[in-house]
file upload-v9.txt (compact mmCIF, C-alpha atoms and all ligand atoms)
# COMPACT_ATOMS: atom_id res chain seq x y z
CA MET X 1 -1.13 30.79 12.53
CA ARG X 2 -0.43 27.14 13.40
CA THR X 3 2.71 25.21 12.49
CA VAL X 4 2.48 22.24 10.15
CA ASP X 5 3.20 19.87 13.04
CA GLU X 6 0.65 21.42 15.39
CA TYR X 7 -2.00 21.26 12.70
CA ARG X 8 -1.22 17.64 11.80
CA ASP X 9 -1.23 16.66 15.49
CA GLY X 10 -4.65 18.31 15.82
CA ILE X 11 -6.02 16.18 12.98
CA LEU X 12 -4.41 12.98 14.21
CA ALA X 13 -5.78 13.52 17.73
CA GLY X 14 -9.26 12.92 16.32
CA ILE X 15 -8.42 9.92 14.14
CA GLY X 16 -8.48 6.33 15.38
CA VAL X 17 -7.65 2.96 13.86
CA LEU X 18 -10.67 1.53 12.00
CA SER X 19 -12.37 -1.39 13.78
CA PRO X 20 -11.27 -4.75 12.43
CA ILE X 21 -13.44 -6.83 10.13
CA GLU X 22 -13.10 -10.20 8.46
CA LEU X 23 -12.27 -9.96 4.75
CA PRO X 24 -11.73 -12.60 2.08
CA LEU X 25 -8.04 -13.13 1.48
CA SER X 26 -7.97 -11.42 -1.92
CA SER X 27 -9.56 -8.28 -0.45
CA ALA X 28 -7.21 -8.27 2.53
CA HIS X 29 -4.24 -7.42 0.31
CA GLY X 30 -3.04 -3.94 1.36
CA CYS X 31 -4.78 -4.10 4.74
CA VAL X 32 -3.13 -4.41 8.16
CA LEU X 33 -3.59 -7.59 10.21
CA ALA X 34 -5.64 -7.03 13.35
CA ALA X 35 -4.68 -10.32 15.04
CA ASP X 36 -1.82 -12.82 14.94
CA VAL X 37 -2.30 -15.63 12.43
CA ALA X 38 -1.25 -19.13 13.51
CA ALA X 39 -0.85 -22.04 11.12
CA PRO X 40 -3.54 -24.69 11.70
CA TRP X 41 -1.30 -27.28 10.04
CA PRO X 42 2.44 -27.59 9.47
CA LEU X 43 4.26 -26.58 6.27
CA PRO X 44 5.01 -28.82 4.50
CA SER X 45 2.07 -30.73 5.88
CA PHE X 46 3.52 -34.12 4.81
CA ASP X 47 6.92 -35.51 3.83
CA ASN X 48 7.21 -35.02 0.06
CA SER X 49 9.68 -35.24 -2.79
CA SER X 50 11.65 -32.14 -3.79
CA MET X 51 12.56 -33.63 -7.20
CA ASP X 52 11.04 -35.56 -10.05
CA GLY X 53 12.60 -39.01 -9.68
CA TYR X 54 12.24 -42.30 -7.80
CA ALA X 55 11.46 -42.93 -4.16
CA VAL X 56 13.85 -45.67 -3.04
CA LEU X 57 15.61 -47.25 -0.13
CA ALA X 58 19.04 -45.60 -0.04
CA ALA X 59 20.61 -48.98 0.85
CA ASP X 60 19.37 -50.41 -2.49
CA VAL X 61 21.40 -47.91 -4.52
CA ALA X 62 24.43 -47.67 -2.22
CA GLY X 63 26.90 -49.15 -4.72
CA ALA X 64 25.37 -47.84 -7.96
CA THR X 65 27.71 -46.59 -10.73
CA PRO X 66 27.18 -45.94 -14.45
CA ASP X 67 28.88 -49.29 -15.15
CA ARG X 68 27.08 -51.23 -12.44
CA PRO X 69 23.67 -49.49 -12.03
CA ALA X 70 21.21 -50.60 -9.41
CA VAL X 71 18.12 -51.99 -11.16
CA LEU X 72 14.83 -51.67 -9.25
CA LEU X 73 11.26 -52.72 -10.03
CA VAL X 74 8.94 -49.68 -10.40
CA VAL X 75 5.81 -50.56 -8.40
CA ASP X 76 3.86 -47.29 -8.70
CA ASP X 77 3.81 -43.82 -10.23
CA VAL X 78 2.75 -40.82 -8.07
CA PRO X 79 2.15 -37.37 -9.48
CA ALA X 80 1.70 -34.39 -7.10
CA GLY X 81 -1.76 -34.54 -5.61
CA TYR X 82 -1.85 -38.35 -5.27
CA ARG X 83 -0.65 -40.72 -2.59
CA SER X 84 0.90 -44.08 -3.46
CA THR X 85 -0.89 -47.16 -2.24
CA GLU X 86 2.32 -49.20 -2.63
CA ALA X 87 5.10 -49.27 -0.07
CA VAL X 88 8.72 -49.27 -1.20
CA THR X 89 10.38 -52.53 -0.18
CA PRO X 90 13.93 -53.78 -0.91
CA GLY X 91 14.46 -54.05 -4.68
CA THR X 92 11.55 -51.72 -5.60
CA ALA X 93 11.03 -48.01 -6.31
CA VAL X 94 8.06 -45.67 -6.85
CA ARG X 95 8.28 -43.11 -9.64
CA ILE X 96 7.50 -39.77 -7.93
CA MET X 97 7.00 -36.16 -9.02
CA THR X 98 7.96 -33.00 -7.13
CA GLY X 99 5.52 -32.33 -4.29
CA ALA X 100 4.04 -35.85 -4.19
CA PRO X 101 3.89 -37.51 -0.74
CA MET X 102 6.70 -39.92 0.05
CA PRO X 103 5.48 -43.53 -0.18
CA ASP X 104 5.75 -45.68 2.92
CA GLY X 105 9.08 -47.44 3.27
CA ALA X 106 11.14 -45.13 1.06
CA ASP X 107 13.89 -43.11 2.74
CA ALA X 108 15.33 -41.12 -0.21
CA VAL X 109 14.58 -39.81 -3.69
CA VAL X 110 16.88 -40.33 -6.69
CA PRO X 111 16.50 -37.47 -9.19
CA VAL X 112 15.38 -38.65 -12.64
CA GLU X 113 18.61 -37.24 -14.14
CA ARG X 114 20.58 -40.03 -12.39
CA THR X 115 18.44 -42.79 -13.93
CA ASP X 116 17.35 -44.12 -17.29
CA GLY X 117 13.79 -42.85 -16.60
CA GLY X 118 12.27 -46.36 -16.83
CA THR X 119 8.62 -46.96 -16.01
CA GLU X 120 8.63 -50.77 -15.53
CA GLN X 121 12.08 -51.00 -14.02
CA VAL X 122 14.64 -48.30 -13.48
CA SER X 123 18.45 -48.27 -13.70
CA ILE X 124 20.05 -45.94 -11.18
CA THR X 125 23.64 -44.85 -11.76
CA GLU X 126 24.52 -42.99 -8.53
CA PRO X 127 23.95 -43.59 -4.82
CA VAL X 128 21.95 -41.15 -2.62
CA ASP X 129 22.18 -40.43 1.08
CA PRO X 130 19.27 -41.51 3.27
CA GLY X 131 16.87 -38.53 3.49
CA ALA X 132 18.04 -37.00 0.20
CA TYR X 133 15.51 -34.86 -1.72
CA ILE X 134 12.79 -35.22 0.90
CA ARG X 135 11.07 -32.08 2.19
CA ARG X 136 10.13 -32.97 5.74
CA ALA X 137 6.73 -32.18 7.26
CA ALA X 138 6.90 -29.03 9.47
CA GLU X 139 10.47 -28.13 8.46
CA ASP X 140 9.16 -24.72 7.31
CA VAL X 141 6.33 -23.94 9.76
CA THR X 142 5.11 -26.04 12.70
CA ALA X 143 1.42 -26.54 13.51
CA GLY X 144 0.24 -23.70 15.75
CA GLU X 145 3.19 -21.45 14.90
CA VAL X 146 2.40 -17.74 14.45
CA VAL X 147 3.27 -16.95 10.82
CA LEU X 148 2.26 -13.26 10.85
CA THR X 149 1.73 -10.92 13.78
CA ALA X 150 -0.96 -8.28 14.31
CA GLY X 151 0.08 -4.97 12.75
CA THR X 152 1.67 -6.55 9.69
CA LEU X 153 0.86 -4.90 6.37
CA ILE X 154 -0.42 -7.58 4.00
CA GLY X 155 1.61 -7.40 0.80
CA ALA X 156 2.10 -10.07 -1.83
CA ARG X 157 4.42 -12.27 0.23
CA GLN X 158 2.10 -12.10 3.22
CA VAL X 159 -0.89 -13.04 1.03
CA GLY X 160 1.21 -16.05 0.00
CA ILE X 161 1.75 -17.42 3.51
CA LEU X 162 -1.86 -16.71 4.51
CA ALA X 163 -3.04 -18.75 1.53
CA ALA X 164 -0.54 -21.52 2.31
CA VAL X 165 -1.88 -21.93 5.85
CA GLY X 166 -5.46 -21.89 4.57
CA CYS X 167 -6.46 -18.48 5.94
CA GLY X 168 -9.34 -17.70 3.54
CA LEU X 169 -10.86 -15.04 5.78
CA VAL X 170 -8.50 -12.55 7.36
CA PHE X 171 -9.13 -10.32 10.40
CA VAL X 172 -7.88 -6.90 9.31
CA HIS X 173 -8.31 -3.18 9.71
CA PRO X 174 -10.19 -2.30 6.53
CA ARG X 175 -9.16 0.29 4.00
CA PRO X 176 -10.64 3.69 4.94
CA ARG X 177 -13.52 4.72 2.69
CA VAL X 178 -12.85 8.26 1.53
CA ALA X 179 -15.31 10.57 -0.24
CA VAL X 180 -13.62 13.35 -2.23
CA ILE X 181 -15.86 16.33 -2.97
CA SER X 182 -14.52 19.06 -5.23
CA THR X 183 -16.23 22.43 -5.10
CA GLY X 184 -16.05 25.34 -7.51
CA SER X 185 -18.48 26.78 -10.05
CA GLU X 186 -15.58 27.06 -12.50
CA LEU X 187 -14.97 23.29 -12.59
CA VAL X 188 -15.96 20.91 -15.35
CA GLU X 189 -15.47 17.21 -15.85
CA PRO X 190 -12.16 16.51 -17.64
CA GLY X 191 -12.87 15.78 -21.30
CA LEU X 192 -15.71 18.27 -21.58
CA PRO X 193 -15.07 21.44 -23.60
CA LEU X 194 -13.96 24.47 -21.61
CA ARG X 195 -15.97 27.65 -22.07
CA ARG X 196 -14.26 30.91 -21.15
CA GLY X 197 -13.35 30.98 -17.46
CA LEU X 198 -13.89 27.29 -16.81
CA ILE X 199 -11.20 24.76 -15.91
CA SER X 200 -11.05 20.99 -15.59
CA ASP X 201 -11.58 19.57 -12.12
CA SER X 202 -8.15 18.12 -11.53
CA ASN X 203 -8.10 18.08 -7.73
CA SER X 204 -10.71 15.43 -7.15
CA TYR X 205 -8.97 13.08 -9.56
CA LEU X 206 -5.59 13.76 -8.01
CA LEU X 207 -6.90 13.37 -4.45
CA VAL X 208 -8.73 10.13 -5.18
CA ALA X 209 -5.57 8.74 -6.76
CA ALA X 210 -3.42 9.94 -3.86
CA ALA X 211 -5.84 8.46 -1.32
CA ARG X 212 -5.82 5.13 -3.17
CA GLU X 213 -2.02 5.17 -3.23
CA ALA X 214 -2.22 5.78 0.52
CA GLY X 215 -4.28 2.58 0.87
CA ALA X 216 -7.80 4.02 0.95
CA ASP X 217 -10.93 3.06 -1.00
CA ALA X 218 -11.52 6.53 -2.37
CA TYR X 219 -14.22 7.80 -4.69
CA ARG X 220 -15.07 11.20 -6.11
CA ILE X 221 -18.16 13.33 -6.02
CA GLY X 222 -18.49 16.48 -8.02
CA PRO X 223 -17.46 18.86 -9.10
CA ILE X 224 -20.25 20.70 -7.32
CA MET X 225 -21.12 24.39 -7.65
CA ASP X 226 -20.26 26.99 -5.03
CA ASP X 227 -23.75 26.69 -3.62
CA GLU X 228 -24.29 26.28 0.11
CA LYS X 229 -27.36 24.08 -0.14
CA GLU X 230 -25.86 21.78 -2.73
CA PHE X 231 -22.68 21.46 -0.72
CA LEU X 232 -24.49 20.64 2.52
CA THR X 233 -26.71 18.03 0.83
CA THR X 234 -23.69 16.45 -0.83
CA VAL X 235 -21.83 16.17 2.47
CA GLU X 236 -24.89 14.79 4.28
CA ASP X 237 -25.32 12.13 1.59
CA GLN X 238 -21.85 10.79 2.32
CA LEU X 239 -22.04 10.60 6.10
CA HIS X 240 -23.19 6.99 6.36
CA ARG X 241 -20.95 5.78 3.53
CA CYS X 242 -17.45 6.82 4.41
CA ASP X 243 -14.80 7.02 7.12
CA LEU X 244 -13.40 10.37 5.98
CA ILE X 245 -14.59 13.24 3.81
CA LEU X 246 -12.13 15.35 1.84
CA THR X 247 -13.21 18.55 0.20
CA SER X 248 -11.27 20.72 -2.18
CA GLY X 249 -11.67 24.46 -2.61
CA GLY X 250 -13.75 27.11 -0.90
CA VAL X 251 -11.79 27.55 2.32
CA SER X 252 -9.96 30.84 1.85
CA MET X 253 -11.13 34.43 2.18
CA GLY X 254 -13.14 34.73 -1.07
CA ALA X 255 -16.78 35.77 -1.32
CA TYR X 256 -17.87 32.36 -2.63
CA ASP X 257 -15.89 30.17 -0.28
CA THR X 258 -18.80 27.84 0.32
CA VAL X 259 -17.07 25.08 2.24
CA LYS X 260 -15.93 27.43 4.95
CA ALA X 261 -19.25 29.32 5.01
CA VAL X 262 -21.31 26.16 5.49
CA LEU X 263 -19.08 24.19 7.83
CA SER X 264 -18.08 27.11 10.08
CA THR X 265 -21.67 27.37 11.31
CA LEU X 266 -21.65 23.74 12.52
CA GLY X 267 -19.13 24.54 15.25
CA THR X 268 -17.37 21.19 14.79
CA VAL X 269 -15.01 22.15 11.98
CA ASP X 270 -12.07 24.37 12.72
CA PHE X 271 -10.74 26.68 9.97
CA CYS X 272 -7.34 28.23 10.38
CA LYS X 273 -4.13 29.31 8.69
CA VAL X 274 -1.14 27.02 8.73
CA ALA X 275 2.38 28.44 8.39
CA MET X 276 3.19 26.61 5.19
CA ASN X 277 3.68 27.34 1.52
CA PRO X 278 1.75 26.35 -0.45
CA GLY X 279 -1.41 25.45 1.46
CA MET X 280 -2.03 28.10 4.09
CA PRO X 281 -5.86 27.97 4.42
CA GLN X 282 -6.98 24.71 6.04
CA GLY X 283 -9.87 23.21 7.94
CA HIS X 284 -10.65 19.98 9.73
CA GLY X 285 -13.18 18.58 12.16
CA PHE X 286 -16.21 16.30 12.26
CA VAL X 287 -19.61 16.35 10.60
CA GLY X 288 -22.99 14.78 11.29
CA GLN X 289 -24.26 12.69 14.19
CA GLU X 290 -21.82 10.05 12.98
CA ARG X 291 -19.00 12.54 13.63
CA VAL X 292 -17.31 11.64 10.36
CA PRO X 293 -13.87 13.26 10.16
CA ILE X 294 -13.58 15.90 7.45
CA VAL X 295 -10.49 17.62 6.08
CA THR X 296 -11.15 20.65 3.89
CA LEU X 297 -8.25 21.13 1.51
CA PRO X 298 -7.46 24.37 -0.31
CA GLY X 299 -8.44 24.65 -3.98
CA ASN X 300 -5.15 25.48 -5.61
CA PRO X 301 -4.04 22.13 -6.98
CA VAL X 302 -0.51 22.12 -5.60
CA SER X 303 -1.75 23.34 -2.20
CA SER X 304 -4.35 20.64 -2.24
CA TYR X 305 -1.83 17.89 -2.95
CA ILE X 306 0.78 19.12 -0.48
CA SER X 307 -1.87 19.44 2.21
CA PHE X 308 -2.95 15.87 1.44
CA GLU X 309 0.63 14.68 1.83
CA ASN X 310 1.13 16.46 5.14
CA PHE X 311 -2.23 15.96 6.81
CA VAL X 312 -4.42 13.39 5.09
CA ARG X 313 -1.96 10.64 4.19
CA PRO X 314 -0.84 10.32 7.85
CA ALA X 315 -4.50 10.23 8.95
CA LEU X 316 -5.28 7.47 6.45
CA ARG X 317 -2.29 5.47 7.61
CA ARG X 318 -3.43 5.85 11.23
CA MET X 319 -6.92 4.58 10.24
CA ARG X 320 -5.35 1.60 8.49
CA GLY X 321 -3.52 0.61 11.65
CA LEU X 322 -0.02 1.47 10.42
CA ALA X 323 2.56 2.75 12.88
CA ASP X 324 4.69 4.74 10.40
CA LEU X 325 2.58 7.73 9.49
CA LEU X 326 5.01 10.04 7.71
CA ARG X 327 6.91 9.91 4.43
CA PRO X 328 10.60 9.09 4.70
CA GLU X 329 12.75 12.24 4.84
CA PHE X 330 16.47 12.48 4.23
CA GLN X 331 19.24 14.95 3.41
CA VAL X 332 20.32 15.72 -0.15
CA THR X 333 22.29 18.37 -1.98
CA LEU X 334 20.39 21.14 -3.70
CA GLY X 335 21.28 21.72 -7.36
CA ALA X 336 19.86 25.25 -7.76
CA ALA X 337 19.04 28.14 -5.40
CA LEU X 338 15.49 28.63 -4.04
CA GLU X 339 13.70 31.46 -2.26
CA SER X 340 11.33 30.64 0.60
CA PRO X 341 8.80 32.85 2.40
CA ALA X 342 9.77 33.94 5.93
CA GLY X 343 7.79 32.32 8.73
CA LYS X 344 6.42 29.47 6.60
CA ARG X 345 7.62 25.94 5.95
CA GLN X 346 7.99 25.61 2.21
CA PHE X 347 7.43 22.38 0.33
CA ALA X 348 9.21 22.92 -3.00
CA ARG X 349 8.69 20.40 -5.79
CA ALA X 350 11.89 18.74 -6.92
CA ARG X 351 13.34 15.83 -8.84
CA PHE X 352 16.53 13.85 -8.49
CA THR X 353 19.26 14.55 -11.04
CA ALA X 354 21.67 12.07 -9.43
CA PRO X 355 21.43 10.00 -6.25
CA GLY X 356 21.44 12.56 -3.45
CA VAL X 357 21.02 15.63 -5.67
CA VAL X 358 17.74 17.45 -6.36
CA VAL X 359 16.68 20.40 -8.48
CA PRO X 360 13.39 22.29 -8.31
CA THR X 361 10.84 21.41 -10.99
CA GLY X 362 8.38 23.61 -12.87
CA THR X 363 8.17 27.28 -13.64
CA GLY X 364 8.50 28.49 -10.07
CA GLN X 365 6.84 27.28 -6.89
CA GLY X 366 3.37 28.85 -7.33
CA SER X 367 0.44 26.87 -5.95
CA HIS X 368 -1.06 26.56 -9.45
CA VAL X 369 2.08 25.12 -11.15
CA MET X 370 0.84 21.63 -11.94
CA GLY X 371 3.44 20.83 -14.58
CA GLY X 372 6.17 21.06 -11.96
CA LEU X 373 4.16 18.93 -9.56
CA ALA X 374 3.58 16.23 -12.15
CA VAL X 375 7.30 15.60 -12.68
CA ALA X 376 8.29 15.98 -9.01
CA GLU X 377 9.78 13.02 -7.14
CA ALA X 378 10.32 14.78 -3.83
CA LEU X 379 9.35 17.81 -1.79
CA ILE X 380 12.20 19.96 -0.49
CA VAL X 381 11.26 20.97 3.05
CA ILE X 382 12.60 24.45 3.77
CA PRO X 383 12.24 25.42 7.45
CA GLU X 384 10.17 28.41 8.60
CA ASP X 385 13.19 30.56 9.49
CA VAL X 386 15.06 30.06 6.19
CA THR X 387 14.37 32.48 3.33
CA ARG X 388 16.91 31.29 0.79
CA VAL X 389 18.84 28.13 0.07
CA GLU X 390 21.78 28.09 -2.31
CA ALA X 391 22.99 25.59 -4.87
CA GLY X 392 25.27 23.17 -3.00
CA ASP X 393 23.38 23.50 0.31
CA THR X 394 22.21 20.41 2.14
CA VAL X 395 18.42 20.29 2.32
CA THR X 396 15.81 17.87 3.66
CA VAL X 397 13.50 16.15 1.19
CA MET X 398 10.30 14.18 1.62
CA ASP X 399 10.53 11.28 -0.80
CA LEU X 400 7.39 10.90 -2.90
CA ARG X 401 8.56 7.99 -5.04
CA ALA X 402 7.24 5.10 -2.96
CA PRO X 403 3.44 4.89 -2.77
P1 LIG S 1 -10.53 28.20 -4.01
O1 LIG S 1 -9.77 27.57 -2.89
O2 LIG S 1 -11.86 27.56 -4.21
O3 LIG S 1 -10.59 29.65 -3.88
O4 LIG S 1 -9.70 27.87 -5.33
C1 LIG S 1 -8.38 28.36 -5.47
C2 LIG S 1 -7.90 28.11 -6.87
O5 LIG S 1 -7.87 26.73 -7.12
C3 LIG S 1 -8.77 28.70 -7.97
O6 LIG S 1 -7.93 29.16 -9.00
C4 LIG S 1 -9.59 27.53 -8.41
O7 LIG S 1 -10.07 27.67 -9.73
C5 LIG S 1 -8.61 26.40 -8.28
N1 LIG S 1 -9.33 25.16 -8.03
C6 LIG S 1 -10.26 24.95 -7.08
N2 LIG S 1 -10.72 23.71 -7.13
C7 LIG S 1 -10.07 23.08 -8.14
C8 LIG S 1 -10.13 21.79 -8.68
N3 LIG S 1 -10.95 20.84 -8.19
N4 LIG S 1 -9.32 21.48 -9.73
C9 LIG S 1 -8.48 22.42 -10.21
N5 LIG S 1 -8.38 23.66 -9.74
C10 LIG S 1 -9.17 24.01 -8.72
MG MG S 2 -13.46 27.92 -5.23
call {"tool": "encode", "arguments": {"input": "upload-v9.txt", "output": "structure tokens", "more": "lines below"}}
Ligand code: AMP
Ligand code: MG
result
Amino acid sequence: MRTVDEYRDGILAGIGVLSPIELPLSSAHGCVLAADVAAPWPLPSFDNSSMDGYAVLAADVAGATPDRPAVLLVVDDVPAGYRSTEAVTPGTAVRIMTGAPMPDGADAVVPVERTDGGTEQVSITEPVDPGAYIRRAAEDVTAGEVVLTAGTLIGARQVGILAAVGCGLVFVHPRPRVAVISTGSELVEPGLPLRRGLISDSNSYLLVAAAREAGADAYRIGPIMDDEKEFLTTVEDQLHRCDLILTSGGVSMGAYDTVKAVLSTLGTVDFCKVAMNPGMPQGHGFVGQERVPIVTLPGNPVSSYISFENFVRPALRRMRGLADLLRPEFQVTLGAALESPAGKRQFARARFTAPGVVVPTGTGQGSHVMGGLAVAEALIVIPEDVTRVEAGDTVTVMDLRAP
């Protein structure tokens, strides 16, 4: 039996970062930058007004008061997006909107609130300092400056700066393409009526959703019957389409455990037991000439999900080019006692009742208890050598709340 860490290390040893490609900016959201991005132009790229008001010479309004306003001739009107053809000279002003380029000659902006808002001539009731309300070219970013470094995850704020510096195509590690194949002759498409003995295929939906939350482009195939030929054809069909294949079901000791029966004969997929609960039967390796990585997850829904969390999510993050592969773990207080099998690391489903306090969810910790999984916010990680934890004990949890 392998430990959780040994098994995960074995999977990760065969997983590399996906080769970078150029993607349009909108598609690059959620990807990891593969190269530094430098600004081709400065930000702001020209001196511009930070207020709606009047571009003036500060000296012209030096003595202005409400009783003795400075009166200037308005020689032009510049909205954002236009450049004034008039220069500001002594005794004149240009009406200017936020973001419009500063006209030649002007050295300050008077906010409209300190004026009468005139369009032919304007009365200004307060002085301004030279340079007031001007956003200077390059005060934010200089031309050639690196705005984002390779390895950065592109979230909303990073999309913003990339757009601002005109980066329409971005060199990134792409999202891994993941095919999820659920196997089991008992499975039907959710929404279809259940005849006796049949169940809805929940795993493939859950796994696709989990893979997407982990940053993959995941899609589902199946459910397919426990039929060796059908399974092999389905896997072969995916080889040129995806970066990782996930299967669910058919890897334990049953008579119809198709996944294991078919893939064991290839010699490139390793099936073993992992000292964990739930999720003991596991398999991983490579298939086809393309050597596409495959992870064969157990069929019990909770086992399937917990195996995904421990083994697949880190692999997907590695493929994406992220450095942090594992979920954050921290110590909390346990609200109710829990049993744990000797010799196995248990991942018990739990929710927070207060900051730093968790209680187990669901009707026990069986690998079929989906209700408890659905409301879980964390997994309590109970070490291999511990068989019982009491209310009030400090335990480690893996936080599931962040995607
Ligand atoms: P297996 O690993 O194929 O022996 O399946 C173990 C248990 O998980 C059985 O009770 C299956 O019916 C159930 N199971 C397998 N695949 C799925 C699935 N895709 N959705 C829900 N339950 C499943
Ligand atoms: Mg099965």
call {"tool": "residues_near_ligand", "arguments": {"input": "upload-v9.txt", "ligand": "ligand MG 2 (chain S)", "cutoff": "7 Å", "atoms": "only C-alpha atoms and all ligand atoms", "output": "PyMOL selection string"}}
result
chain X and resi 183-184+226+249-250+256-257+299
call {"tool": "residues_near_ligand", "arguments": {"input": "upload-v9.txt", "ligand": "ligand LIG 1 (chain S)", "cutoff": "7 Å", "atoms": "all atoms listed in the file", "output": "PyMOL selection string"}}
result
chain X and resi 182-184+186-187+199-204+223+248-252+254+257+298-301
call {"tool": "residues_around", "arguments": {"input": "upload-v9.txt", "residues": "range 124-127 of chain X", "least_positions_apart": "6", "cutoff": "6 Å", "atoms": "only C-alpha atoms", "output": "PyMOL selection string"}}
result
chain X and resi 61-62+64-66+69-70+114-115
call {"tool": "atom_distance", "arguments": {"input": "upload-v9.txt", "atom1": "CA of Pro90 in chain X", "atom2": "CA of Asp107 in chain X"}}
result
11.3 Å
call {"tool": "atom_distance", "arguments": {"input": "upload-v9.txt", "atom1": "CA of Gln238 in chain X", "atom2": "CA of Thr296 in chain X"}}
result
14.6 Å
call {"tool": "closest_residue", "arguments": {"input": "upload-v9.txt", "among": "X:Asp76, X:Glu120, X:Asp393, X:Asp129", "to": "Ala337 in chain X", "atoms": "all atoms listed in the file"}}
result
X:Asp393
call {"tool": "closest_residue", "arguments": {"input": "upload-v9.txt", "among": "X:Pro103, X:Lys273, X:Gly364, X:Asp140", "to": "Glu6 in chain X", "atoms": "all atoms listed in the file"}}
result
X:Lys273
call {"tool": "atom_distance", "arguments": {"input": "upload-v9.txt", "atom1": "CA of Val262 in chain X", "atom2": "CA of Pro190 in chain X"}}
result
26.7 Å
call {"tool": "closest_residue", "arguments": {"input": "upload-v9.txt", "among": "X:Cys31, X:Ala210, X:Ala106, X:Met276", "to": "Gln158 in chain X", "atoms": "all atoms listed in the file"}}
result
X:Cys31
call {"tool": "closest_residue", "arguments": {"input": "upload-v9.txt", "among": "X:Val295, X:Val74, X:Val109, X:Val369", "to": "Thr92 in chain X", "atoms": "all atoms listed in the file"}}
result
X:Val74
call {"tool": "residues_around", "arguments": {"input": "upload-v9.txt", "residues": "Ile96 in chain X", "least_positions_apart": "3", "cutoff": "7 Å", "atoms": "all atoms listed in the file", "output": "PyMOL selection string"}}
result
chain X and resi 52-55+77-79+100
call {"tool": "closest_residue", "arguments": {"input": "upload-v9.txt", "among": "X:Val357, X:Ala143, X:Ala218, X:Val332", "to": "Val381 in chain X", "atoms": "only C-alpha atoms"}}
result
X:Val332
call {"tool": "residues_around", "arguments": {"input": "upload-v9.txt", "residues": "Arg327 in chain X", "least_positions_apart": "5", "cutoff": "12 Å", "atoms": "all atoms listed in the file", "output": "PyMOL selection string"}}
result
chain X and resi 214+308-314+317+378-379+381+396-403
call {"tool": "closest_residue", "arguments": {"input": "upload-v9.txt", "among": "X:Pro42, X:Gly267, X:Pro176, X:Gly168", "to": "Glu22 in chain X", "atoms": "only C-alpha atoms"}}
result
X:Gly168
call {"tool": "decode", "arguments": {"input": "upload-v9.txt", "residues": "range 34-47 of chain X", "atoms": "N, CA and C atoms", "output": "PDB file, in the first residue's frame"}}
result
ATOM      1  N   ALA X  34       3.507  32.964 -19.569  1.00  0.00           N
ATOM      2  CA  ALA X  34       4.702  32.176 -19.857  1.00  0.00           C
ATOM      3  C   ALA X  34       5.925  33.068 -20.098  1.00  0.00           C
ATOM      4  N   ALA X  35       5.715  34.370 -20.219  1.00  0.00           N
ATOM      5  CA  ALA X  35       6.844  35.294 -20.423  1.00  0.00           C
ATOM      6  C   ALA X  35       6.497  36.624 -19.762  1.00  0.00           C
ATOM      7  N   ASP X  36       7.544  37.377 -19.398  1.00  0.00           N
ATOM      8  CA  ASP X  36       7.301  38.719 -18.857  1.00  0.00           C
ATOM      9  C   ASP X  36       6.567  39.556 -19.901  1.00  0.00           C
ATOM     10  N   VAL X  37       5.743  40.482 -19.444  1.00  0.00           N
ATOM     11  CA  VAL X  37       5.094  41.424 -20.366  1.00  0.00           C
ATOM     12  C   VAL X  37       5.595  42.829 -20.041  1.00  0.00           C
ATOM     13  N   ALA X  38       6.178  43.479 -21.070  1.00  0.00           N
ATOM     14  CA  ALA X  38       6.666  44.857 -20.904  1.00  0.00           C
ATOM     15  C   ALA X  38       5.707  45.803 -21.607  1.00  0.00           C
ATOM     16  N   ALA X  39       5.579  46.988 -21.061  1.00  0.00           N
ATOM     17  CA  ALA X  39       4.678  47.985 -21.652  1.00  0.00           C
ATOM     18  C   ALA X  39       5.348  48.607 -22.874  1.00  0.00           C
ATOM     19  N   PRO X  40       4.688  48.570 -24.050  1.00  0.00           N
ATOM     20  CA  PRO X  40       5.293  49.197 -25.225  1.00  0.00           C
ATOM     21  C   PRO X  40       5.199  50.716 -25.167  1.00  0.00           C
ATOM     22  N   TRP X  41       4.305  51.231 -24.347  1.00  0.00           N
ATOM     23  CA  TRP X  41       4.166  52.682 -24.202  1.00  0.00           C
ATOM     24  C   TRP X  41       3.954  52.993 -22.726  1.00  0.00           C
ATOM     25  N   PRO X  42       4.177  54.253 -22.329  1.00  0.00           N
ATOM     26  CA  PRO X  42       4.002  54.568 -20.909  1.00  0.00           C
ATOM     27  C   PRO X  42       2.524  54.679 -20.540  1.00  0.00           C
ATOM     28  N   LEU X  43       2.240  54.610 -19.250  1.00  0.00           N
ATOM     29  CA  LEU X  43       0.890  54.860 -18.708  1.00  0.00           C
ATOM     30  C   LEU X  43       1.013  55.957 -17.667  1.00  0.00           C
ATOM     31  N   PRO X  44       0.232  57.010 -17.716  1.00  0.00           N
ATOM     32  CA  PRO X  44      -0.534  57.438 -18.885  1.00  0.00           C
ATOM     33  C   PRO X  44       0.399  57.650 -20.059  1.00  0.00           C
ATOM     34  N   SER X  45      -0.133  57.583 -21.265  1.00  0.00           N
ATOM     35  CA  SER X  45       0.767  57.764 -22.407  1.00  0.00           C
ATOM     36  C   SER X  45       0.874  59.223 -22.822  1.00  0.00           C
ATOM     37  N   PHE X  46       0.091  60.112 -22.219  1.00  0.00           N
ATOM     38  CA  PHE X  46       0.240  61.571 -22.456  1.00  0.00           C
ATOM     39  C   PHE X  46      -0.241  62.301 -21.207  1.00  0.00           C
ATOM     40  N   ASP X  47       0.245  63.518 -21.017  1.00  0.00           N
ATOM     41  CA  ASP X  47      -0.247  64.343 -19.903  1.00  0.00           C
ATOM     42  C   ASP X  47      -1.740  64.582 -20.126  1.00  0.00           C
TER      43      ASP X  47
END
